[in-house]
Structures are given as structure tokens and as C-alpha cells.
There are 2 protein chains.
Amino acid sequence: MQADIVIRALGALAQEHRLAAFRLLVQAGAEGIPAGVLAERIGVPPSSMSFHLAQLAHAGLVTQRRESRSIIYSADYAAMSGLMAYLTENCCGGVPCEDAAACLPATNRETV
Amino acid sequence: MQADIVIRALGALAQEHRLAAFRLLVQAGAEGIPAGVLAERIGVPPSSMSFHLAQLAHAGLVTQRRESRSIIYSADYAAMSGLMAYLTENCCGGVPCEDAAACLPATNRETV
DNA sequence: ACAATAATTCCATAATTATCGAATCGTTGG
DNA sequence: CCAACGATTCGATAATTATGGAATTATTGT
């Protein structure tokens, strides 16, 4: 995972409505949620929701599928965990962490 | 952890230079890195670095301490793991995840 | 006290991002 | 085929964020 896509993903999540949408999708699981339902639950007009969902999709955080008239969005769990791994990569630079709990995803840390 | 601070943290990380700085700090561990060294390594003028470090500090992602003339920054691991926990909170809404690996920090999931 | 060093604040400018109404594009049922 | 529905794209405006030079604030050694 390269910095470029990570920045896009972080930027996508760093917005009130998009963060709310993503969390709803994370909780919804594989079933997903249609765009219109997201717009209604979050309280933004459809055109704004589309804009935000496009950002999330462009960052690879969500996938979409058409089902009849609706377009259904789902969270991409792999992208999310890749993002977290990137943030903690090589945490503490090999030195045993005092609070090892913080280095949770433990990408490069065999020492714990 | 509330949405407000999470958005600030994500926004702080969603920028090339700040992400680079934060990762250097994560790898540096408790020892930390002086502002000037960060500016030089990342290749931005001191005033820009100050601006970015202030953003990270305001988001609670880094702490700072003075040591003689230098101000030394360190990553706040607790804030980082709190951030990740927020993103995966109530992942898959109780339904057993197909790819459970993605729900790593496993905040609310006793079912796995 | 002074010069040098490390960092920050201030400020104007540039660039990016968000908002939402109106128009448009697929899909379905009658 | 057409009216209705769900969603997206377009476009103009508003708001936020990034940049970096110059001035300012701490700190140290002589």
C-alpha cells in the first residue's frame, strides 16, 4: 500500500458525513446499504451523498453494486485494515514498545 | 472517543507531509524527533513544518517537549489506537465476519 | 549583554474541498 | 412507450486548508 492511496483514504474519512456513512457501512457488513438510505439516515441531499460516496469509492474504501434501481454500497474491510497497517508500520522501529498494546496490528513486529 | 476528534485526527493524517512526519515519529518511538530534523528530512521550510506539527498536536496525535533549544515531538500511540478502534467499532454489526481478519482491533466483537 | 540557533506566529496568496439545486442517466412497472 | 423512481453529473458559490517569507519568541554559549 502506497502513501498516495493512504492519503486519499484518510482524506475520505476525515469528513463528518463520510465518516458517518463509512461507519454505517462497516456495521452493515456484506449486505450493504443503498445510496438513498444513507442520504436519508445521514441527513444530506442525494447529490451531496453521491459526491461523498464517490470520494469513498475513489479511495477504495467502499464498493458498489447495482440492484434494480438502487446502488448498494458496502465497506471494503481489506482496504480498512490495510490503512491501519500502514499507520503502524514498523512501529517503534524495532525497539520493544513500552505500551505494546498500541502497536496492535503489529505488521513488522516479531519482537512482541 | 467522539467523532469530532476522530475527524480532526484523520484530517491531520490526510496530508502528504503530515503523514510522513507522523510515520517517522511512530518509528522513532518514545525518543521522538526535533521539529527542525523533521522539516529537513521531509523537505519543507520550518514555518510549514510548524504549521503541520500544530495540526497533529491539535488532533492529539503527537506530544511535544522542550529540550534545550529544540522542541521534540513524539507520536501518541494511545491516540492512534483509539482512532483505529473507532473506525472498526461494532464491525459487521454482530454478524460473524466472513473475513474476520479485517476486524482486527475487535472492539465490540466477542463473537469471534 | 550579544550573537547564534531552534522554533513559532503572522500574513497574504494559492489551492483544494464542500454544498446543493437543476438537469441528466439507468431501471422498472403498467 | 412513458411516468416514476433512484442515483449521478454539472456548475456556480462558499468554505476550508496549504504555502512560505518575514518578523518574533525562547534558549544557550561566550
# chains A, B, ... in the order shown; residues from 1 in each chain; ligands from 1
$ select_by_dssp --residues "chain A" --states "strand (DSSP E)" --output "list of chain:residue names"
A:Ile33, A:Pro34, A:Val62, A:Thr63, A:Gln64, A:Arg65, A:Arg66, A:Glu67, A:Ser70, A:Ile71, A:Ile72, A:Tyr73, A:Ser74, A:Ala75
$ write_last_selection --atoms "C-alpha atoms" --output "tab-separated table (two decimals), in the first residue's frame"
chain	number	residue	atom	x	y	z
A	33	ILE	CA	-26.81	0.00	2.24
A	34	PRO	CA	-28.35	1.78	-0.79
A	62	VAL	CA	-16.23	1.08	-0.38
A	63	THR	CA	-17.52	-1.00	-3.24
A	64	GLN	CA	-20.81	-0.62	-5.04
A	65	ARG	CA	-23.22	-2.89	-6.87
A	66	ARG	CA	-26.43	-2.17	-8.66
A	67	GLU	CA	-29.54	-3.93	-7.53
A	70	SER	CA	-30.68	1.10	-6.21
A	71	ILE	CA	-26.95	1.27	-5.96
A	72	ILE	CA	-25.81	-0.51	-2.87
A	73	TYR	CA	-22.59	0.38	-1.08
A	74	SER	CA	-20.50	-1.82	1.17
A	75	ALA	CA	-17.38	-1.21	3.21
$ interface_residues --of "chain D" --to "chain A" --cutoff "12 Å" --atoms "only C-alpha atoms (C1' of nucleotides)" --output "PyMOL selection string"
chain D and resi 4-10+16
$ write_last_selection --atoms "all heavy atoms" --output "compact mmCIF listing (two decimals), in the first residue's frame"
# COMPACT_ATOMS: atom_id res chain seq x y z
P DA D 4 -45.84 10.49 -13.00
OP1 DA D 4 -47.08 10.72 -12.20
OP2 DA D 4 -45.04 11.63 -13.50
O5' DA D 4 -44.89 9.53 -12.17
C5' DA D 4 -45.32 8.18 -11.90
C4' DA D 4 -44.19 7.45 -11.20
O4' DA D 4 -43.20 7.03 -12.18
C3' DA D 4 -43.44 8.29 -10.17
O3' DA D 4 -43.24 7.51 -9.00
C2' DA D 4 -42.13 8.64 -10.87
C1' DA D 4 -41.91 7.39 -11.71
N9 DA D 4 -41.05 7.58 -12.87
C8 DA D 4 -41.01 8.66 -13.72
N7 DA D 4 -40.12 8.53 -14.69
C5 DA D 4 -39.54 7.29 -14.46
C6 DA D 4 -38.53 6.57 -15.11
N6 DA D 4 -37.90 7.02 -16.20
N1 DA D 4 -38.20 5.36 -14.62
C2 DA D 4 -38.83 4.92 -13.54
N3 DA D 4 -39.80 5.49 -12.82
C4 DA D 4 -40.11 6.69 -13.34
P DC D 5 -42.64 8.18 -7.70
OP1 DC D 5 -43.49 7.79 -6.56
OP2 DC D 5 -42.32 9.59 -7.99
O5' DC D 5 -41.27 7.38 -7.59
C5' DC D 5 -41.26 5.96 -7.75
C4' DC D 5 -39.83 5.50 -7.88
O4' DC D 5 -39.33 5.84 -9.18
C3' DC D 5 -38.89 6.15 -6.86
O3' DC D 5 -38.17 5.13 -6.19
C2' DC D 5 -37.98 7.03 -7.71
C1' DC D 5 -38.01 6.29 -9.05
N1 DC D 5 -37.72 7.14 -10.24
C2 DC D 5 -36.84 6.65 -11.20
O2 DC D 5 -36.33 5.53 -11.04
N3 DC D 5 -36.56 7.40 -12.29
C4 DC D 5 -37.12 8.60 -12.43
N4 DC D 5 -36.82 9.31 -13.52
C5 DC D 5 -38.03 9.12 -11.46
C6 DC D 5 -38.29 8.36 -10.38
P DG D 6 -37.48 5.47 -4.81
OP1 DG D 6 -37.86 4.41 -3.87
OP2 DG D 6 -37.72 6.89 -4.51
O5' DG D 6 -35.95 5.31 -5.14
C5' DG D 6 -35.48 4.11 -5.73
C4' DG D 6 -34.10 4.36 -6.31
O4' DG D 6 -34.24 5.16 -7.50
C3' DG D 6 -33.18 5.14 -5.37
O3' DG D 6 -32.02 4.37 -5.15
C2' DG D 6 -32.90 6.45 -6.12
C1' DG D 6 -33.17 6.07 -7.57
N9 DG D 6 -33.59 7.16 -8.43
C8 DG D 6 -34.54 8.12 -8.17
N7 DG D 6 -34.69 8.98 -9.14
C5 DG D 6 -33.78 8.56 -10.10
C6 DG D 6 -33.50 9.12 -11.39
O6 DG D 6 -34.00 10.10 -11.93
N1 DG D 6 -32.51 8.38 -12.03
C2 DG D 6 -31.89 7.27 -11.53
N2 DG D 6 -30.96 6.70 -12.30
N3 DG D 6 -32.14 6.75 -10.33
C4 DG D 6 -33.10 7.44 -9.68
P DA D 7 -30.88 4.90 -4.18
OP1 DA D 7 -30.16 3.73 -3.67
OP2 DA D 7 -31.47 5.89 -3.27
O5' DA D 7 -29.92 5.68 -5.19
C5' DA D 7 -29.29 4.94 -6.25
C4' DA D 7 -28.64 5.88 -7.23
O4' DA D 7 -29.63 6.74 -7.82
C3' DA D 7 -27.59 6.82 -6.64
O3' DA D 7 -26.31 6.33 -6.99
C2' DA D 7 -27.89 8.17 -7.30
C1' DA D 7 -28.94 7.84 -8.34
N9 DA D 7 -29.90 8.92 -8.56
C8 DA D 7 -30.85 9.37 -7.68
N7 DA D 7 -31.56 10.37 -8.16
C5 DA D 7 -31.04 10.58 -9.43
C6 DA D 7 -31.36 11.50 -10.45
N6 DA D 7 -32.32 12.41 -10.34
N1 DA D 7 -30.64 11.44 -11.59
C2 DA D 7 -29.67 10.52 -11.70
N3 DA D 7 -29.29 9.61 -10.81
C4 DA D 7 -30.01 9.69 -9.69
P DT D 8 -24.99 7.17 -6.61
OP1 DT D 8 -23.89 6.20 -6.52
OP2 DT D 8 -25.30 8.06 -5.48
O5' DT D 8 -24.76 8.05 -7.90
C5' DT D 8 -24.64 7.41 -9.18
C4' DT D 8 -24.55 8.44 -10.28
O4' DT D 8 -25.73 9.28 -10.26
C3' DT D 8 -23.36 9.38 -10.16
O3' DT D 8 -22.60 9.28 -11.36
C2' DT D 8 -23.98 10.76 -9.96
C1' DT D 8 -25.37 10.59 -10.56
N1 DT D 8 -26.41 11.47 -9.98
C2 DT D 8 -26.98 12.44 -10.76
O2 DT D 8 -26.66 12.63 -11.92
N3 DT D 8 -27.94 13.19 -10.13
C4 DT D 8 -28.39 13.08 -8.83
O4 DT D 8 -29.26 13.81 -8.37
C5 DT D 8 -27.73 12.06 -8.07
C7 DT D 8 -28.13 11.82 -6.63
C6 DT D 8 -26.79 11.31 -8.66
P DT D 9 -21.21 10.07 -11.52
OP1 DT D 9 -20.35 9.26 -12.41
OP2 DT D 9 -20.75 10.47 -10.18
O5' DT D 9 -21.62 11.41 -12.30
C5' DT D 9 -22.09 11.32 -13.64
C4' DT D 9 -22.46 12.71 -14.14
O4' DT D 9 -23.53 13.25 -13.32
C3' DT D 9 -21.33 13.74 -14.10
O3' DT D 9 -21.31 14.38 -15.36
C2' DT D 9 -21.73 14.67 -12.96
C1' DT D 9 -23.25 14.59 -13.02
N1 DT D 9 -23.99 14.88 -11.76
C2 DT D 9 -25.00 15.82 -11.80
O2 DT D 9 -25.30 16.44 -12.80
N3 DT D 9 -25.66 16.00 -10.60
C4 DT D 9 -25.41 15.36 -9.41
O4 DT D 9 -26.06 15.61 -8.40
C5 DT D 9 -24.34 14.40 -9.44
C7 DT D 9 -23.99 13.65 -8.20
C6 DT D 9 -23.69 14.20 -10.60
P DC D 10 -20.16 15.40 -15.77
OP1 DC D 10 -19.87 15.17 -17.19
OP2 DC D 10 -19.08 15.29 -14.77
O5' DC D 10 -20.86 16.83 -15.62
C5' DC D 10 -22.16 17.03 -16.17
C4' DC D 10 -22.65 18.43 -15.83
O4' DC D 10 -23.31 18.41 -14.54
C3' DC D 10 -21.56 19.50 -15.74
O3' DC D 10 -21.99 20.62 -16.50
C2' DC D 10 -21.47 19.80 -14.25
C1' DC D 10 -22.88 19.50 -13.78
N1 DC D 10 -23.02 19.09 -12.35
C2 DC D 10 -24.00 19.68 -11.55
O2 DC D 10 -24.73 20.54 -12.04
N3 DC D 10 -24.13 19.28 -10.27
C4 DC D 10 -23.32 18.34 -9.78
N4 DC D 10 -23.48 17.96 -8.51
C5 DC D 10 -22.31 17.72 -10.58
C6 DC D 10 -22.19 18.13 -11.86
P DT D 16 -15.75 27.03 7.20
OP1 DT D 16 -16.46 26.31 8.28
OP2 DT D 16 -15.35 28.43 7.34
O5' DT D 16 -14.47 26.17 6.83
C5' DT D 16 -14.64 24.91 6.19
C4' DT D 16 -13.34 24.48 5.56
O4' DT D 16 -13.02 25.35 4.46
C3' DT D 16 -12.13 24.53 6.51
O3' DT D 16 -11.65 23.20 6.60
C2' DT D 16 -11.15 25.47 5.82
C1' DT D 16 -11.62 25.40 4.37
N1 DT D 16 -11.30 26.56 3.49
C2 DT D 16 -10.50 26.36 2.40
O2 DT D 16 -10.01 25.28 2.13
N3 DT D 16 -10.29 27.47 1.62
C4 DT D 16 -10.80 28.74 1.83
O4 DT D 16 -10.54 29.65 1.06
C5 DT D 16 -11.63 28.88 2.99
C7 DT D 16 -12.25 30.20 3.30
C6 DT D 16 -11.85 27.80 3.76
$ interface_residues --of "chain C" --to "chain B" --cutoff "10 Å" --atoms "only C-alpha atoms (C1' of nucleotides)" --output "list of chain:residue names"
C:DT5, C:DA6, C:DA7, C:DT8, C:DT9
$ write_last_selection --atoms "N, CA, C and O atoms (P, O5', C5', C4', C3', O3' and C1' of nucleotides)" --output "CSV table (one decimal), in the first residue's frame"
chain,number,residue,atom,x,y,z
C,5,DT,P,24.6,29.7,14.0
C,5,DT,O5',23.4,28.9,14.8
C,5,DT,C5',23.7,28.2,16.0
C,5,DT,C4',22.5,27.8,16.6
C,5,DT,C3',21.5,27.1,15.7
C,5,DT,O3',21.2,25.8,16.2
C,5,DT,C1',20.4,28.7,17.0
C,6,DA,P,20.4,24.8,15.4
C,6,DA,O5',18.9,24.9,15.9
C,6,DA,C5',18.6,24.5,17.3
C,6,DA,C4',17.2,24.7,17.6
C,6,DA,C3',16.2,24.2,16.5
C,6,DA,O3',15.3,23.4,17.0
C,6,DA,C1',15.7,26.5,17.0
C,7,DA,P,14.2,22.6,16.1
C,7,DA,O5',12.9,23.6,16.2
C,7,DA,C5',12.4,23.9,17.5
C,7,DA,C4',11.5,25.0,17.4
C,7,DA,C3',10.3,24.9,16.5
C,7,DA,O3',9.1,24.5,17.2
C,7,DA,C1',11.2,27.1,16.5
C,8,DT,P,7.7,24.4,16.5
C,8,DT,O5',7.1,25.8,16.6
C,8,DT,C5',7.1,26.5,17.9
C,8,DT,C4',6.6,27.9,17.7
C,8,DT,C3',5.3,28.1,17.1
C,8,DT,O3',4.4,28.7,18.0
C,8,DT,C1',6.9,29.5,16.1
C,9,DT,P,2.8,28.9,17.6
C,9,DT,O5',2.8,30.4,17.0
C,9,DT,C5',3.0,31.5,17.8
C,9,DT,C4',3.0,32.8,16.9
C,9,DT,C3',1.7,33.1,16.3
C,9,DT,O3',1.3,34.4,16.5
C,9,DT,C1',3.4,33.2,14.7
$ interface_residues --of "chain A" --to "chain B" --cutoff "6 Å" --atoms "only C-alpha atoms" --output "PDB file with N, CA, C and O atoms, in the first residue's frame"
ATOM      1  N   ILE A   7      -3.356   8.469   1.744  1.00  0.00           N
ATOM      2  CA  ILE A   7      -3.782   9.853   1.953  1.00  0.00           C
ATOM      3  C   ILE A   7      -5.202  10.058   1.430  1.00  0.00           C
ATOM      4  O   ILE A   7      -6.021  10.718   2.069  1.00  0.00           O
ATOM      5  N   LEU A  10      -7.535   8.425   4.019  1.00  0.00           N
ATOM      6  CA  LEU A  10      -7.641   9.221   5.244  1.00  0.00           C
ATOM      7  C   LEU A  10      -8.455  10.482   4.978  1.00  0.00           C
ATOM      8  O   LEU A  10      -9.319  10.864   5.772  1.00  0.00           O
ATOM      9  N   GLY A  11      -8.189  11.110   3.839  1.00  0.00           N
ATOM     10  CA  GLY A  11      -8.935  12.312   3.486  1.00  0.00           C
ATOM     11  C   GLY A  11     -10.412  12.011   3.281  1.00  0.00           C
ATOM     12  O   GLY A  11     -11.275  12.811   3.630  1.00  0.00           O
ATOM     13  N   ALA A  14     -11.999  11.774   6.652  1.00  0.00           N
ATOM     14  CA  ALA A  14     -11.859  12.962   7.505  1.00  0.00           C
ATOM     15  C   ALA A  14     -12.952  13.984   7.232  1.00  0.00           C
ATOM     16  O   ALA A  14     -12.685  15.168   7.066  1.00  0.00           O
ATOM     17  N   VAL A  26     -19.656  -0.093   7.714  1.00  0.00           N
ATOM     18  CA  VAL A  26     -18.870  -1.079   8.469  1.00  0.00           C
ATOM     19  C   VAL A  26     -19.799  -1.932   9.320  1.00  0.00           C
ATOM     20  O   VAL A  26     -19.650  -3.155   9.409  1.00  0.00           O
ATOM     21  N   GLN A  27     -20.766  -1.270   9.913  1.00  0.00           N
ATOM     22  CA  GLN A  27     -21.687  -2.006  10.778  1.00  0.00           C
ATOM     23  C   GLN A  27     -22.683  -2.838   9.976  1.00  0.00           C
ATOM     24  O   GLN A  27     -23.185  -3.856  10.456  1.00  0.00           O
ATOM     25  N   ALA A  28     -22.957  -2.418   8.760  1.00  0.00           N
ATOM     26  CA  ALA A  28     -23.932  -3.133   7.936  1.00  0.00           C
ATOM     27  C   ALA A  28     -23.364  -4.444   7.385  1.00  0.00           C
ATOM     28  O   ALA A  28     -24.118  -5.369   7.066  1.00  0.00           O
ATOM     29  N   GLY A  29     -22.043  -4.518   7.262  1.00  0.00           N
ATOM     30  CA  GLY A  29     -21.424  -5.733   6.749  1.00  0.00           C
ATOM     31  C   GLY A  29     -21.650  -5.927   5.264  1.00  0.00           C
ATOM     32  O   GLY A  29     -21.885  -4.957   4.527  1.00  0.00           O
ATOM     33  N   TYR A  77     -13.420  -4.130   3.795  1.00  0.00           N
ATOM     34  CA  TYR A  77     -12.676  -4.362   5.035  1.00  0.00           C
ATOM     35  C   TYR A  77     -11.179  -4.498   4.805  1.00  0.00           C
ATOM     36  O   TYR A  77     -10.364  -4.096   5.630  1.00  0.00           O
ATOM     37  N   ALA A  78     -10.822  -5.060   3.681  1.00  0.00           N
ATOM     38  CA  ALA A  78      -9.401  -5.232   3.386  1.00  0.00           C
ATOM     39  C   ALA A  78      -8.710  -3.873   3.286  1.00  0.00           C
ATOM     40  O   ALA A  78      -7.615  -3.671   3.821  1.00  0.00           O
ATOM     41  N   SER A  81      -8.248  -2.411   6.780  1.00  0.00           N
ATOM     42  CA  SER A  81      -7.171  -2.953   7.607  1.00  0.00           C
ATOM     43  C   SER A  81      -5.810  -2.639   6.999  1.00  0.00           C
ATOM     44  O   SER A  81      -4.832  -2.458   7.721  1.00  0.00           O
ATOM     45  N   ASN A  90       6.165  -0.684  11.110  1.00  0.00           N
ATOM     46  CA  ASN A  90       7.469  -0.544  11.756  1.00  0.00           C
ATOM     47  C   ASN A  90       7.382   0.295  13.032  1.00  0.00           C
ATOM     48  O   ASN A  90       8.313   1.026  13.383  1.00  0.00           O
ATOM     49  N   CYS A  91       6.295   0.131  13.719  1.00  0.00           N
ATOM     50  CA  CYS A  91       6.032   0.874  14.955  1.00  0.00           C
ATOM     51  C   CYS A  91       7.192   0.743  15.936  1.00  0.00           C
ATOM     52  O   CYS A  91       7.703  -0.337  16.176  1.00  0.00           O
ATOM     53  N   CYS A  92       7.607   1.866  16.485  1.00  0.00           N
ATOM     54  CA  CYS A  92       8.678   1.927  17.482  1.00  0.00           C
ATOM     55  C   CYS A  92      10.025   1.461  16.938  1.00  0.00           C
ATOM     56  O   CYS A  92      10.978   1.269  17.696  1.00  0.00           O
ATOM     57  N   GLY A  93      10.100   1.262  15.656  1.00  0.00           N
ATOM     58  CA  GLY A  93      11.363   0.972  14.989  1.00  0.00           C
ATOM     59  C   GLY A  93      12.159  -0.189  15.566  1.00  0.00           C
ATOM     60  O   GLY A  93      13.383  -0.157  15.597  1.00  0.00           O
ATOM     61  N   ALA A 102      -0.505  -0.560  21.952  1.00  0.00           N
ATOM     62  CA  ALA A 102      -0.760   0.468  20.946  1.00  0.00           C
ATOM     63  C   ALA A 102      -0.377   0.002  19.553  1.00  0.00           C
ATOM     64  O   ALA A 102      -0.920   0.461  18.564  1.00  0.00           O
TER      65      ALA A 102
END
$ residues_around --residues "region 18-21 of chain C" --least-positions-apart "4" --cutoff "8 Å" --atoms "only C-alpha atoms (C1' of nucleotides)" --output "PDB file with all heavy atoms, in the first residue's frame"
ATOM      1  N   PRO A  45     -28.684  15.904   1.146  1.00  0.00           N
ATOM      2  CA  PRO A  45     -29.376  15.714  -0.126  1.00  0.00           C
ATOM      3  C   PRO A  45     -28.649  14.680  -0.983  1.00  0.00           C
ATOM      4  O   PRO A  45     -27.433  14.479  -0.824  1.00  0.00           O
ATOM      5  CB  PRO A  45     -29.327  17.097  -0.768  1.00  0.00           C
ATOM      6  CG  PRO A  45     -28.320  17.868  -0.018  1.00  0.00           C
ATOM      7  CD  PRO A  45     -28.230  17.281   1.334  1.00  0.00           C
ATOM      8  N   SER A  47     -27.559  14.551  -3.980  1.00  0.00           N
ATOM      9  CA  SER A  47     -26.392  14.944  -4.772  1.00  0.00           C
ATOM     10  C   SER A  47     -25.145  15.051  -3.885  1.00  0.00           C
ATOM     11  O   SER A  47     -24.055  14.674  -4.303  1.00  0.00           O
ATOM     12  CB  SER A  47     -26.651  16.256  -5.494  1.00  0.00           C
ATOM     13  OG  SER A  47     -26.770  17.321  -4.589  1.00  0.00           O
ATOM     14  N   SER A  48     -25.335  15.513  -2.673  1.00  0.00           N
ATOM     15  CA  SER A  48     -24.193  15.575  -1.759  1.00  0.00           C
ATOM     16  C   SER A  48     -23.731  14.175  -1.382  1.00  0.00           C
ATOM     17  O   SER A  48     -22.537  13.885  -1.340  1.00  0.00           O
ATOM     18  CB  SER A  48     -24.564  16.351  -0.492  1.00  0.00           C
ATOM     19  OG  SER A  48     -24.828  17.700  -0.808  1.00  0.00           O
TER      20      SER A  48
ATOM     21  P    DA D  14     -21.296  32.988  -2.710  1.00  0.00           P
ATOM     22  OP1  DA D  14     -22.314  33.836  -2.075  1.00  0.00           O
ATOM     23  OP2  DA D  14     -20.107  33.574  -3.371  1.00  0.00           O
ATOM     24  O5'  DA D  14     -20.806  31.926  -1.626  1.00  0.00           O
ATOM     25  C5'  DA D  14     -21.731  30.938  -1.147  1.00  0.00           C
ATOM     26  C4'  DA D  14     -21.012  30.022  -0.187  1.00  0.00           C
ATOM     27  O4'  DA D  14     -20.124  29.157  -0.921  1.00  0.00           O
ATOM     28  C3'  DA D  14     -20.154  30.749   0.848  1.00  0.00           C
ATOM     29  O3'  DA D  14     -20.423  30.176   2.118  1.00  0.00           O
ATOM     30  C2'  DA D  14     -18.721  30.496   0.373  1.00  0.00           C
ATOM     31  C1'  DA D  14     -18.848  29.165  -0.332  1.00  0.00           C
ATOM     32  N9   DA D  14     -17.890  28.922  -1.414  1.00  0.00           N
ATOM     33  C8   DA D  14     -17.603  29.733  -2.477  1.00  0.00           C
ATOM     34  N7   DA D  14     -16.708  29.231  -3.303  1.00  0.00           N
ATOM     35  C5   DA D  14     -16.394  28.007  -2.740  1.00  0.00           C
ATOM     36  C6   DA D  14     -15.511  26.976  -3.128  1.00  0.00           C
ATOM     37  N6   DA D  14     -14.747  27.029  -4.226  1.00  0.00           N
ATOM     38  N1   DA D  14     -15.434  25.876  -2.343  1.00  0.00           N
ATOM     39  C2   DA D  14     -16.208  25.825  -1.238  1.00  0.00           C
ATOM     40  N3   DA D  14     -17.064  26.720  -0.776  1.00  0.00           N
ATOM     41  C4   DA D  14     -17.112  27.798  -1.575  1.00  0.00           C
ATOM     42  P    DA D  15     -19.797  30.778   3.438  1.00  0.00           P
ATOM     43  OP1  DA D  15     -20.814  30.706   4.505  1.00  0.00           O
ATOM     44  OP2  DA D  15     -19.136  32.053   3.117  1.00  0.00           O
ATOM     45  O5'  DA D  15     -18.679  29.690   3.764  1.00  0.00           O
ATOM     46  C5'  DA D  15     -19.051  28.314   3.804  1.00  0.00           C
ATOM     47  C4'  DA D  15     -17.807  27.469   3.915  1.00  0.00           C
ATOM     48  O4'  DA D  15     -17.081  27.491   2.679  1.00  0.00           O
ATOM     49  C3'  DA D  15     -16.832  27.932   5.005  1.00  0.00           C
ATOM     50  O3'  DA D  15     -16.626  26.840   5.869  1.00  0.00           O
ATOM     51  C2'  DA D  15     -15.574  28.335   4.222  1.00  0.00           C
ATOM     52  C1'  DA D  15     -15.703  27.492   2.969  1.00  0.00           C
ATOM     53  N9   DA D  15     -15.024  28.022   1.785  1.00  0.00           N
ATOM     54  C8   DA D  15     -15.161  29.266   1.240  1.00  0.00           C
ATOM     55  N7   DA D  15     -14.426  29.437   0.148  1.00  0.00           N
ATOM     56  C5   DA D  15     -13.796  28.223  -0.017  1.00  0.00           C
ATOM     57  C6   DA D  15     -12.885  27.751  -0.985  1.00  0.00           C
ATOM     58  N6   DA D  15     -12.450  28.482  -1.999  1.00  0.00           N
ATOM     59  N1   DA D  15     -12.438  26.473  -0.854  1.00  0.00           N
ATOM     60  C2   DA D  15     -12.881  25.737   0.177  1.00  0.00           C
ATOM     61  N3   DA D  15     -13.728  26.066   1.137  1.00  0.00           N
ATOM     62  C4   DA D  15     -14.155  27.329   0.984  1.00  0.00           C
TER      63       DA D  15
END
$ atom_distance --atom1 "C1' of DT27 (chain C)" --atom2 "CA of His58 (chain A)"
24.5 Å
$ atom_distance --atom1 "CA of Val37 (chain B)" --atom2 "C1' of DC11 (chain C)"
25.4 Å
$ atom_distance --atom1 "CA of Arg41 (chain B)" --atom2 "C1' of DA15 (chain C)"
24.2 Å
